$ cat upload-v3.pdb   # PDB, C-alpha atoms
ATOM      1  CA  MET A   1     184.266-202.200  25.570
ATOM      2  CA  THR A   2     186.407-205.291  25.032
ATOM      3  CA  ASP A   3     183.963-207.361  27.104
ATOM      4  CA  TYR A   4     181.015-206.234  24.966
ATOM      5  CA  ALA A   5     182.993-206.999  21.799
ATOM      6  CA  THR A   6     183.565-210.478  23.181
ATOM      7  CA  ARG A   7     179.832-210.853  23.776
ATOM      8  CA  VAL A   8     179.083-209.906  20.175
ATOM      9  CA  ARG A   9     181.650-212.390  18.872
ATOM     10  CA  VAL A  10     180.348-215.215  21.070
ATOM     11  CA  ASN A  11     176.711-214.511  20.154
ATOM     12  CA  TRP A  12     177.554-214.327  16.454
ATOM     13  CA  GLU A  13     179.379-217.667  16.570
ATOM     14  CA  LEU A  14     176.457-219.237  18.431
ATOM     15  CA  ALA A  15     173.956-217.875  15.895
ATOM     16  CA  ALA A  16     176.095-219.125  13.009
ATOM     17  CA  ARG A  17     176.234-222.636  14.503
ATOM     18  CA  ARG A  18     172.465-222.722  14.987
ATOM     19  CA  MET A  19     171.846-221.553  11.434
ATOM     20  CA  ARG A  20     174.227-224.132   9.988
ATOM     21  CA  ALA A  21     172.466-226.862  11.975
ATOM     22  CA  ALA A  22     169.044-225.723  10.733
ATOM     23  CA  ARG A  23     170.025-225.408   7.064
ATOM     24  CA  THR A  24     167.787-227.347   4.666
ATOM     25  CA  ARG A  25     168.158-228.607   1.131
ATOM     26  CA  HIS A  26     168.207-225.992  -1.627
ATOM     27  CA  ARG A  27     165.230-226.123  -3.988
ATOM     28  CA  PRO A  28     165.727-224.578  -7.433
ATOM     29  CA  ILE A  29     163.209-222.028  -8.666
ATOM     30  CA  ASP A  30     160.978-223.112 -11.545
ATOM     31  CA  GLY A  31     162.036-220.722 -14.319
ATOM     32  CA  ARG A  32     158.893-221.168 -16.414
ATOM     33  CA  ARG A  33     156.613-220.541 -13.478
ATOM     34  CA  ALA A  34     158.602-217.463 -12.471
ATOM     35  CA  ALA A  35     158.448-216.079 -16.021
ATOM     36  CA  PHE A  36     154.697-216.677 -16.160
ATOM     37  CA  LEU A  37     154.140-214.896 -12.840
ATOM     38  CA  ILE A  38     156.251-211.919 -13.914
ATOM     39  CA  ALA A  39     154.364-211.652 -17.212
ATOM     40  CA  ALA A  40     151.016-211.939 -15.422
ATOM     41  CA  GLY A  41     152.090-209.225 -12.989
ATOM     42  CA  ILE A  42     153.020-206.866 -15.819
ATOM     43  CA  VAL A  43     149.679-207.484 -17.519
ATOM     44  CA  LEU A  44     147.845-206.826 -14.253
ATOM     45  CA  VAL A  45     149.690-203.532 -13.678
ATOM     46  CA  VAL A  46     148.975-202.352 -17.235
ATOM     47  CA  ALA A  47     145.300-203.341 -16.977
ATOM     48  CA  VAL A  48     144.843-201.564 -13.637
ATOM     49  CA  SER A  49     146.622-198.478 -14.962
ATOM     50  CA  VAL A  50     144.473-198.270 -18.095
ATOM     51  CA  LEU A  51     141.188-198.941 -16.321
ATOM     52  CA  PHE A  52     141.558-197.068 -13.038
ATOM     53  CA  ASP A  53     144.462-194.601 -12.859
ATOM     54  CA  ALA A  54     142.775-191.512 -14.265
ATOM     55  CA  ARG A  55     139.414-192.275 -12.640
ATOM     56  CA  ALA A  56     140.880-193.025  -9.216
ATOM     57  CA  ILE A  57     142.763-189.749  -8.971
ATOM     58  CA  THR A  58     139.669-187.785  -9.987
ATOM     59  CA  TRP A  59     137.635-189.701  -7.407
ATOM     60  CA  ALA A  60     140.237-189.184  -4.654
ATOM     61  CA  ARG A  61     140.136-185.427  -5.157
ATOM     62  CA  THR A  62     136.372-185.392  -4.491
ATOM     63  CA  LEU A  63     136.678-186.976  -1.041
ATOM     64  CA  PRO A  64     136.003-184.767   1.997
ATOM     65  CA  PRO A  65     138.921-183.351   4.020
ATOM     66  CA  SER A  66     138.099-185.611   6.979
ATOM     67  CA  VAL A  67     138.765-188.718   4.855
ATOM     68  CA  HIS A  68     142.021-187.242   3.598
ATOM     69  CA  GLY A  69     143.012-186.505   7.189
ATOM     70  CA  VAL A  70     142.478-190.111   8.274
ATOM     71  CA  PHE A  71     144.395-191.555   5.342
ATOM     72  CA  ASN A  72     147.197-189.016   5.694
ATOM     73  CA  TRP A  73     147.711-190.496   9.157
ATOM     74  CA  ILE A  74     147.447-194.083   7.883
ATOM     75  CA  THR A  75     149.914-193.555   5.047
ATOM     76  CA  GLN A  76     152.677-192.565   7.470
ATOM     77  CA  TRP A  77     152.808-196.160   8.699
ATOM     78  CA  GLY A  78     154.086-197.275   5.315
ATOM     79  CA  GLN A  79     157.407-195.508   5.821
ATOM     80  CA  SER A  80     160.288-197.932   6.178
ATOM     81  CA  GLY A  81     162.058-196.051   8.971
ATOM     82  CA  TRP A  82     159.716-197.129  11.744
ATOM     83  CA  LEU A  83     160.463-200.753  10.808
ATOM     84  CA  LEU A  84     164.175-200.503  10.030
ATOM     85  CA  ILE A  85     165.225-198.600  13.154
ATOM     86  CA  PRO A  86     163.460-200.749  15.810
ATOM     87  CA  SER A  87     164.461-204.012  14.128
ATOM     88  CA  ALA A  88     168.109-202.912  13.965
ATOM     89  CA  ILE A  89     167.999-201.843  17.625
ATOM     90  CA  ILE A  90     166.594-205.235  18.671
ATOM     91  CA  VAL A  91     169.369-207.100  16.850
ATOM     92  CA  ILE A  92     172.096-204.890  18.331
ATOM     93  CA  VAL A  93     170.698-205.136  21.861
ATOM     94  CA  VAL A  94     170.446-208.933  21.739
ATOM     95  CA  MET A  95     173.953-209.232  20.319
ATOM     96  CA  LEU A  96     175.302-207.221  23.274
ATOM     97  CA  GLY A  97     173.769-209.556  25.867
ATOM     98  CA  ASP A  98     175.583-212.150  27.947
ATOM     99  CA  TRP A  99     173.050-214.956  27.637
ATOM    100  CA  ARG A 100     174.977-217.310  29.898
ATOM    101  CA  ARG A 101     173.478-215.353  32.810
ATOM    102  CA  VAL A 102     169.861-216.328  32.092
ATOM    103  CA  SER A 103     167.924-219.518  31.519
ATOM    104  CA  ARG A 104     168.323-221.352  28.250
ATOM    105  CA  ALA A 105     164.616-220.870  27.525
ATOM    106  CA  SER A 106     164.872-217.080  27.783
ATOM    107  CA  ALA A 107     168.086-216.981  25.753
ATOM    108  CA  ALA A 108     166.523-219.110  22.990
ATOM    109  CA  ALA A 109     163.407-216.927  22.933
ATOM    110  CA  TRP A 110     165.444-213.731  22.545
ATOM    111  CA  PHE A 111     167.455-215.409  19.785
ATOM    112  CA  GLU A 112     164.190-216.081  17.921
ATOM    113  CA  ILE A 113     163.079-212.468  18.393
ATOM    114  CA  ALA A 114     166.423-211.151  17.139
ATOM    115  CA  THR A 115     166.484-213.380  14.065
ATOM    116  CA  PHE A 116     162.950-212.333  13.153
ATOM    117  CA  ALA A 117     163.958-208.668  13.564
ATOM    118  CA  ALA A 118     167.020-209.254  11.379
ATOM    119  CA  VAL A 119     164.937-210.849   8.622
ATOM    120  CA  LEU A 120     162.415-207.997   8.866
ATOM    121  CA  PHE A 121     165.263-205.496   8.450
ATOM    122  CA  VAL A 122     166.577-207.340   5.384
ATOM    123  CA  VAL A 123     163.114-207.592   3.809
ATOM    124  CA  VAL A 124     162.287-203.909   4.298
ATOM    125  CA  ALA A 125     165.736-202.753   3.175
ATOM    126  CA  ALA A 126     165.761-205.014   0.107
ATOM    127  CA  THR A 127     162.291-204.005  -1.048
ATOM    128  CA  GLY A 128     163.170-200.354  -0.514
ATOM    129  CA  LEU A 129     166.312-200.795  -2.598
ATOM    130  CA  ALA A 130     164.299-202.503  -5.342
ATOM    131  CA  THR A 131     161.870-199.587  -5.591
ATOM    132  CA  ASP A 132     164.719-197.071  -5.505
ATOM    133  CA  VAL A 133     166.218-198.803  -8.545
ATOM    134  CA  VAL A 134     162.968-199.064 -10.513
ATOM    135  CA  LYS A 135     161.582-195.569  -9.826
ATOM    136  CA  PRO A 136     164.149-193.496 -11.792
ATOM    137  CA  ILE A 137     164.231-196.049 -14.615
ATOM    138  CA  VAL A 138     160.472-195.850 -15.182
ATOM    139  CA  GLY A 139     160.289-192.115 -14.445
ATOM    140  CA  ARG A 140     156.538-191.873 -14.073
ATOM    141  CA  PHE A 141     155.162-188.505 -12.947
ATOM    142  CA  ARG A 142     153.253-188.462  -9.676
ATOM    143  CA  PRO A 143     149.554-187.464  -9.796
ATOM    144  CA  ASP A 144     150.183-184.120  -8.108
ATOM    145  CA  TYR A 145     152.823-183.224 -10.717
ATOM    146  CA  VAL A 146     151.022-184.428 -13.846
ATOM    147  CA  ALA A 147     150.083-181.816 -16.434
ATOM    148  CA  GLN A 148     149.828-184.144 -19.437
ATOM    149  CA  GLY A 149     147.292-186.637 -18.058
ATOM    150  CA  ALA A 150     147.663-189.836 -16.053
ATOM    151  CA  TYR A 151     150.280-191.421 -18.313
ATOM    152  CA  ALA A 152     153.233-189.019 -18.328
ATOM    153  CA  PHE A 153     156.669-190.666 -18.226
ATOM    154  CA  ALA A 154     160.261-189.459 -18.412
ATOM    155  CA  PRO A 155     162.321-192.676 -18.352
ATOM    156  CA  PHE A 156     165.897-192.471 -17.050
ATOM    157  CA  SER A 157     165.398-188.806 -16.217
ATOM    158  CA  PHE A 158     166.368-189.152 -12.537
ATOM    159  CA  GLY A 159     164.257-186.077 -11.956
ATOM    160  CA  GLY A 160     163.566-186.582  -8.249
ATOM    161  CA  TYR A 161     160.300-186.847  -6.343
ATOM    162  CA  SER A 162     158.008-185.702  -9.150
ATOM    163  CA  ASN A 163     159.239-188.518 -11.447
ATOM    164  CA  TYR A 164     159.209-191.275  -8.830
ATOM    165  CA  SER A 165     155.619-192.506  -8.902
ATOM    166  CA  PHE A 166     156.060-196.108 -10.036
ATOM    167  CA  PRO A 167     156.197-198.246  -8.002
ATOM    168  CA  SER A 168     154.799-197.109  -4.667
ATOM    169  CA  GLY A 169     157.459-197.627  -2.026
ATOM    170  CA  HIS A 170     154.891-197.644   0.784
ATOM    171  CA  ALA A 171     152.894-200.388  -0.948
ATOM    172  CA  THR A 172     156.085-202.356  -1.581
ATOM    173  CA  THR A 173     157.091-202.263   2.083
ATOM    174  CA  ALA A 174     153.579-203.076   3.285
ATOM    175  CA  ALA A 175     153.248-206.073   0.965
ATOM    176  CA  ALA A 176     156.657-207.469   1.936
ATOM    177  CA  VAL A 177     155.847-207.215   5.648
ATOM    178  CA  ALA A 178     152.469-208.855   4.989
ATOM    179  CA  VAL A 179     154.248-211.810   3.360
ATOM    180  CA  MET A 180     156.287-212.323   6.523
ATOM    181  CA  ALA A 181     153.263-211.911   8.768
ATOM    182  CA  VAL A 182     151.178-214.548   6.975
ATOM    183  CA  PHE A 183     153.338-217.287   8.506
ATOM    184  CA  VAL A 184     153.232-215.849  12.032
ATOM    185  CA  PRO A 185     150.329-216.946  14.298
ATOM    186  CA  GLY A 186     146.973-215.737  12.943
ATOM    187  CA  VAL A 187     146.310-213.333  15.811
ATOM    188  CA  VAL A 188     149.250-211.297  14.472
ATOM    189  CA  SER A 189     148.972-211.866  10.730
ATOM    190  CA  VAL A 190     145.386-210.723  10.175
ATOM    191  CA  PRO A 191     145.800-207.173  11.575
ATOM    192  CA  ILE A 192     149.103-206.719   9.723
ATOM    193  CA  VAL A 193     147.623-207.809   6.388
ATOM    194  CA  VAL A 194     144.670-205.456   6.906
ATOM    195  CA  ALA A 195     147.022-202.616   7.853
ATOM    196  CA  ALA A 196     149.157-203.290   4.759
ATOM    197  CA  ALA A 197     146.074-203.045   2.532
ATOM    198  CA  LEU A 198     145.033-199.759   4.159
ATOM    199  CA  VAL A 199     148.518-198.292   3.671
ATOM    200  CA  ALA A 200     148.471-199.290   0.007
ATOM    201  CA  VAL A 201     145.022-197.755  -0.585
ATOM    202  CA  SER A 202     146.019-194.604   1.291
ATOM    203  CA  ARG A 203     148.635-193.765  -1.333
ATOM    204  CA  VAL A 204     145.884-193.265  -3.909
ATOM    205  CA  ILE A 205     143.527-191.416  -1.579
ATOM    206  CA  VAL A 206     146.168-188.886  -0.492
ATOM    207  CA  GLY A 207     146.909-188.270  -4.172
ATOM    208  CA  VAL A 208     150.591-189.217  -4.433
ATOM    209  CA  HIS A 209     150.271-192.465  -6.421
ATOM    210  CA  PHE A 210     148.114-194.023  -9.115
ATOM    211  CA  PRO A 211     146.452-197.428  -8.562
ATOM    212  CA  GLY A 212     148.903-198.930 -11.058
ATOM    213  CA  ASP A 213     151.789-197.714  -8.894
ATOM    214  CA  VAL A 214     150.253-199.338  -5.831
ATOM    215  CA  VAL A 215     149.612-202.660  -7.564
ATOM    216  CA  GLY A 216     153.114-202.642  -9.037
ATOM    217  CA  GLY A 217     154.635-201.880  -5.646
ATOM    218  CA  ALA A 218     152.599-204.597  -3.964
ATOM    219  CA  LEU A 219     153.704-207.161  -6.547
ATOM    220  CA  ILE A 220     157.356-206.187  -6.132
ATOM    221  CA  GLY A 221     156.981-206.418  -2.362
ATOM    222  CA  LEU A 222     155.358-209.837  -2.616
ATOM    223  CA  GLY A 223     158.023-211.081  -5.032
ATOM    224  CA  VAL A 224     161.055-209.785  -3.152
ATOM    225  CA  GLY A 225     159.524-210.792   0.174
ATOM    226  CA  TYR A 226     158.898-214.314  -1.104
ATOM    227  CA  LEU A 227     162.456-214.694  -2.413
ATOM    228  CA  ILE A 228     163.946-213.562   0.887
ATOM    229  CA  LEU A 229     161.545-215.748   2.854
ATOM    230  CA  ARG A 230     162.515-218.684   0.653
ATOM    231  CA  ALA A 231     166.213-218.036   1.257
ATOM    232  CA  MET A 232     165.629-217.721   5.004
ATOM    233  CA  THR A 233     163.683-220.990   5.013
ATOM    234  CA  GLU A 234     166.526-222.837   3.301
ATOM    235  CA  ALA A 235     168.938-221.305   5.816
ATOM    236  CA  GLY A 236     166.683-222.404   8.692
ATOM    237  CA  ILE A 237     166.150-218.825   9.878
ATOM    238  CA  VAL A 238     162.724-217.902  11.323
ATOM    239  CA  TYR A 239     160.865-220.234   8.952
ATOM    240  CA  ALA A 240     160.920-223.952   8.198
ATOM    241  CA  VAL A 241     158.959-226.412   6.069
ATOM    242  CA  ARG A 242     157.034-228.873   8.204
ATOM    243  CA  ARG A 243     154.713-231.503   6.736
ATOM    244  CA  GLY A 244     154.928-229.794   3.371
ATOM    245  CA  ARG A 245     153.855-226.374   4.709
ATOM    246  CA  LEU A 246     155.852-223.301   5.629
ATOM    247  CA  ARG A 247     155.838-222.627   9.367
ATOM    248  CA  HIS A 248     157.498-220.142  11.680
ATOM    249  CA  ARG A 249     160.317-221.226  13.982
ATOM    250  CA  PHE A 250     159.121-219.748  17.281
ATOM    251  CA  GLY A 251     159.386-222.889  19.380
ATOM    252  CA  ALA A 252     161.055-221.259  22.394
ATOM    253  CA  LEU A 253     158.544-218.401  22.490
ATOM    254  CA  ARG A 254     155.660-220.830  22.157
ATOM    255  CA  ARG A 255     156.958-222.988  25.009
ATOM    256  CA  LEU A 256     157.298-219.967  27.298
ATOM    257  CA  ARG A 257     153.757-218.910  26.420
ATOM    258  CA  ASP A 258     152.363-222.373  27.110
ATOM    259  CA  ARG A 259     154.099-222.673  30.482
ATOM    260  CA  GLY A 260     151.783-220.471  32.457
ATOM    261  CA  GLY A 261     152.448-217.241  30.617
ATOM    262  CA  ARG A 262     156.199-217.151  31.228
ATOM    263  CA  LEU A 263     156.665-214.610  28.447
ATOM    264  CA  ALA A 264     156.790-212.047  31.262
ATOM    265  CA  GLU A 265     160.236-213.415  32.094
ATOM    266  CA  LEU A 266     161.717-212.101  28.859
ATOM    267  CA  PHE A 267     162.335-208.489  29.864
ATOM    268  CA  PRO A 268     163.881-209.259  33.263
ATOM    269  CA  ALA A 269     166.119-211.766  31.470
ATOM    270  CA  LEU A 270     167.112-209.118  28.943
ATOM    271  CA  TRP A 271     167.981-206.722  31.767
ATOM    272  CA  VAL A 272     170.217-209.355  33.375
ATOM    273  CA  ALA A 273     171.879-210.253  30.079
ATOM    274  CA  LEU A 274     172.666-206.609  29.295
ATOM    275  CA  SER A 275     174.009-205.750  32.736
ATOM    276  CA  PRO A 276     177.639-204.612  32.757
ATOM    277  CA  PRO A 277     180.345-207.257  32.961
ATOM    278  CA  LEU A 278     181.305-208.234  36.477
ATOM    279  CA  PRO A 279     184.533-206.607  37.626
ATOM    280  CA  ARG A 280     187.470-208.918  37.558
ATOM    281  CA  ALA A 281     188.939-209.852  40.897
ATOM    282  CA  PRO A 282     192.273-208.107  41.460
ATOM    283  CA  ILE A 283     195.359-210.303  41.258
ATOM    284  CA  PRO A 284     196.998-210.405  44.674
ATOM    285  CA  PRO A 285     200.588-209.170  44.701
ATOM    286  CA  GLN A 286     203.198-211.871  44.803
ATOM    287  CA  ASP A 287     205.738-212.113  47.562
ATOM    288  CA  PRO A 288     209.031-211.062  46.011
ATOM    289  CA  ARG A 289     210.970-213.454  48.269
TER
END

$ encode --input "upload-v3.pdb" --output "C-alpha cells"
Amino acid sequence: MTDYATRVRVNWELAARRMRAARTRHRPIDGRRAAFLIAAGIVLVVAVSVLFDARAITWARTLPPSVHGVFNWITQWGQSGWLLIPSAIIVIVVMLGDWRRVSRASAAAWFEIATFAAVLFVVVAATGLATDVVKPIVGRFRPDYVAQGAYAFAPFSFGGYSNYSFPSGHATTAAAVAVMAVFVPGVVSVPIVVAAALVAVSRVIVGVHFPGDVVGGALIGLGVGYLILRAMTEAGIVYAVRRGRLRHRFGALRRLRDRGGRLAELFPALWVALSPPLPRAPIPPQDPR
C-alpha cells in the first residue's frame, strides 16, 4: 500500500508541474457581455415557457407508446452517474500507475486521458450541483404532478421530486458535455452534440419536464460548462488557445495515432504501469565479526 501511495504522490507532483508549465494569462470576463447574455437567457426561457410549455405536454401525451419507449431509453443517458463513475475510475487508475515502466509517449497519452476525465468529472458534478441549488429555489411543479396548469410554482418549498422541474438536470448535463465535446475532434463532437439534443428533447416527450425547463437547463449547462472550460484553458488543462482559437491538448494521443495506429499500445502500457511493485531484494545478513 505504501508503494501505491508513493505512486499517487509522484504522479500528482508530475501533473502539478505540467499544469504550472502550461498555465496561460488570465483574461477577465466582460461584465456587460455576461449580464446581457444572462438577461437574454432569462427572456428566452420565459418566451419558450409561455409559448410552448402547455402545448408541448399535451402533444407529448398524444404520442404512441412505441415513441415513449424509445425516448424512455434515450433519457436514461442523461443521468450523471454513467459519466461521473467512469471518469473518476479513469483518474484513480492512472494515478495508481508507475509510468516510469512504459514509454514516455504512452505515459503522456494516459496523462491526457486522465486530465480529460478529471475535467469531465468536474463539469458534470458542477452542473449537477448548480441544478440542485436552483431546483428547490424555483420550486416548479413537474408536468406529471401539475393540477393547476403548466405554471404552478412553490418557491423555497423544498418539496422533493414533484417541485423540482426547473431546470432539467438531464438537459444541463447534456449541454455541459456538449460544450466540452465541441473542441474535441469532429468525429467525436458531432455524435455527442446530437445525443445531447436527443436527451434534452426526451425529457419533454417522457412527460417529466416542460420545454422551458429543458431550455433553462441547457443554458445553465452551457454557461457553467463554458466557465469551467475557460478556467481549464487558463490552467493549461485539456484545452489551449492556439492562433486565437480554442483547441484541445491531445498532442500525445494524436502522435500515437499518426504513427501507424500505435494507439493499440495504450492498454498494454496501462497493464504494465499498474502491475504490482517489484519485490525488494532482501538485505544480506552482515557478518557479526

$ atom_distance --input "upload-v3.pdb" --atom1 "atom CA of Glu112 of chain A" --atom2 "atom CA of Thr173 of chain A"
22.2 Å

$ closest_residue --input "upload-v3.pdb" --among "A:Tyr4, A:Trp12, A:Phe166, A:Phe111" --to "Phe153 of chain A" --atoms "only C-alpha atoms"
A:Phe166

$ closest_residue --input "upload-v3.pdb" --among "A:Ala150, A:Ala125, A:Leu198, A:Ala269" --to "Ile57 of chain A" --atoms "only C-alpha atoms"
A:Ala150

$ atom_distance --input "upload-v3.pdb" --atom1 "atom CA of Ala107 of chain A" --atom2 "atom CA of Ile228 of chain A"
25.4 Å

$ closest_residue --input "upload-v3.pdb" --among "A:Thr115, A:Thr75, A:Thr131, A:Ser189" --to "Ile92 of chain A" --atoms "all atoms listed in the file"
A:Thr115

$ atom_distance --input "upload-v3.pdb" --atom1 "atom CA of Ala235 of chain A" --atom2 "atom CA of Pro28 of chain A"
14.0 Å

$ closest_residue --input "upload-v3.pdb" --among "A:Asn11, A:Thr62, A:Ser106, A:Gln76" --to "Arg255 of chain A" --atoms "only C-alpha atoms"
A:Ser106

$ closest_residue --input "upload-v3.pdb" --among "A:Ala54, A:Ala34, A:Asp3, A:Ala114" --to "Leu227 of chain A" --atoms "only C-alpha atoms"
A:Ala34

$ closest_residue --input "upload-v3.pdb" --among "A:Ile220, A:Ala60, A:Val48, A:Val199" --to "Ala130 of chain A" --atoms "all atoms listed in the file"
A:Ile220

$ resolve_selection --input "upload-v3.pdb" --expression "the PyMOL selection byres ((chain A and resi 41) around 12)" --output "NGL selection string"
:A and (34-40 or 42-48 or 212 or 215-220 or 222-223)

$ resolve_selection --input "upload-v3.pdb" --expression "the PyMOL selection byres ((chain A and resi 98-100) around 12)" --output "ChimeraX atom specification"
/A:3-12,14,93-97,101-111,266,269-278
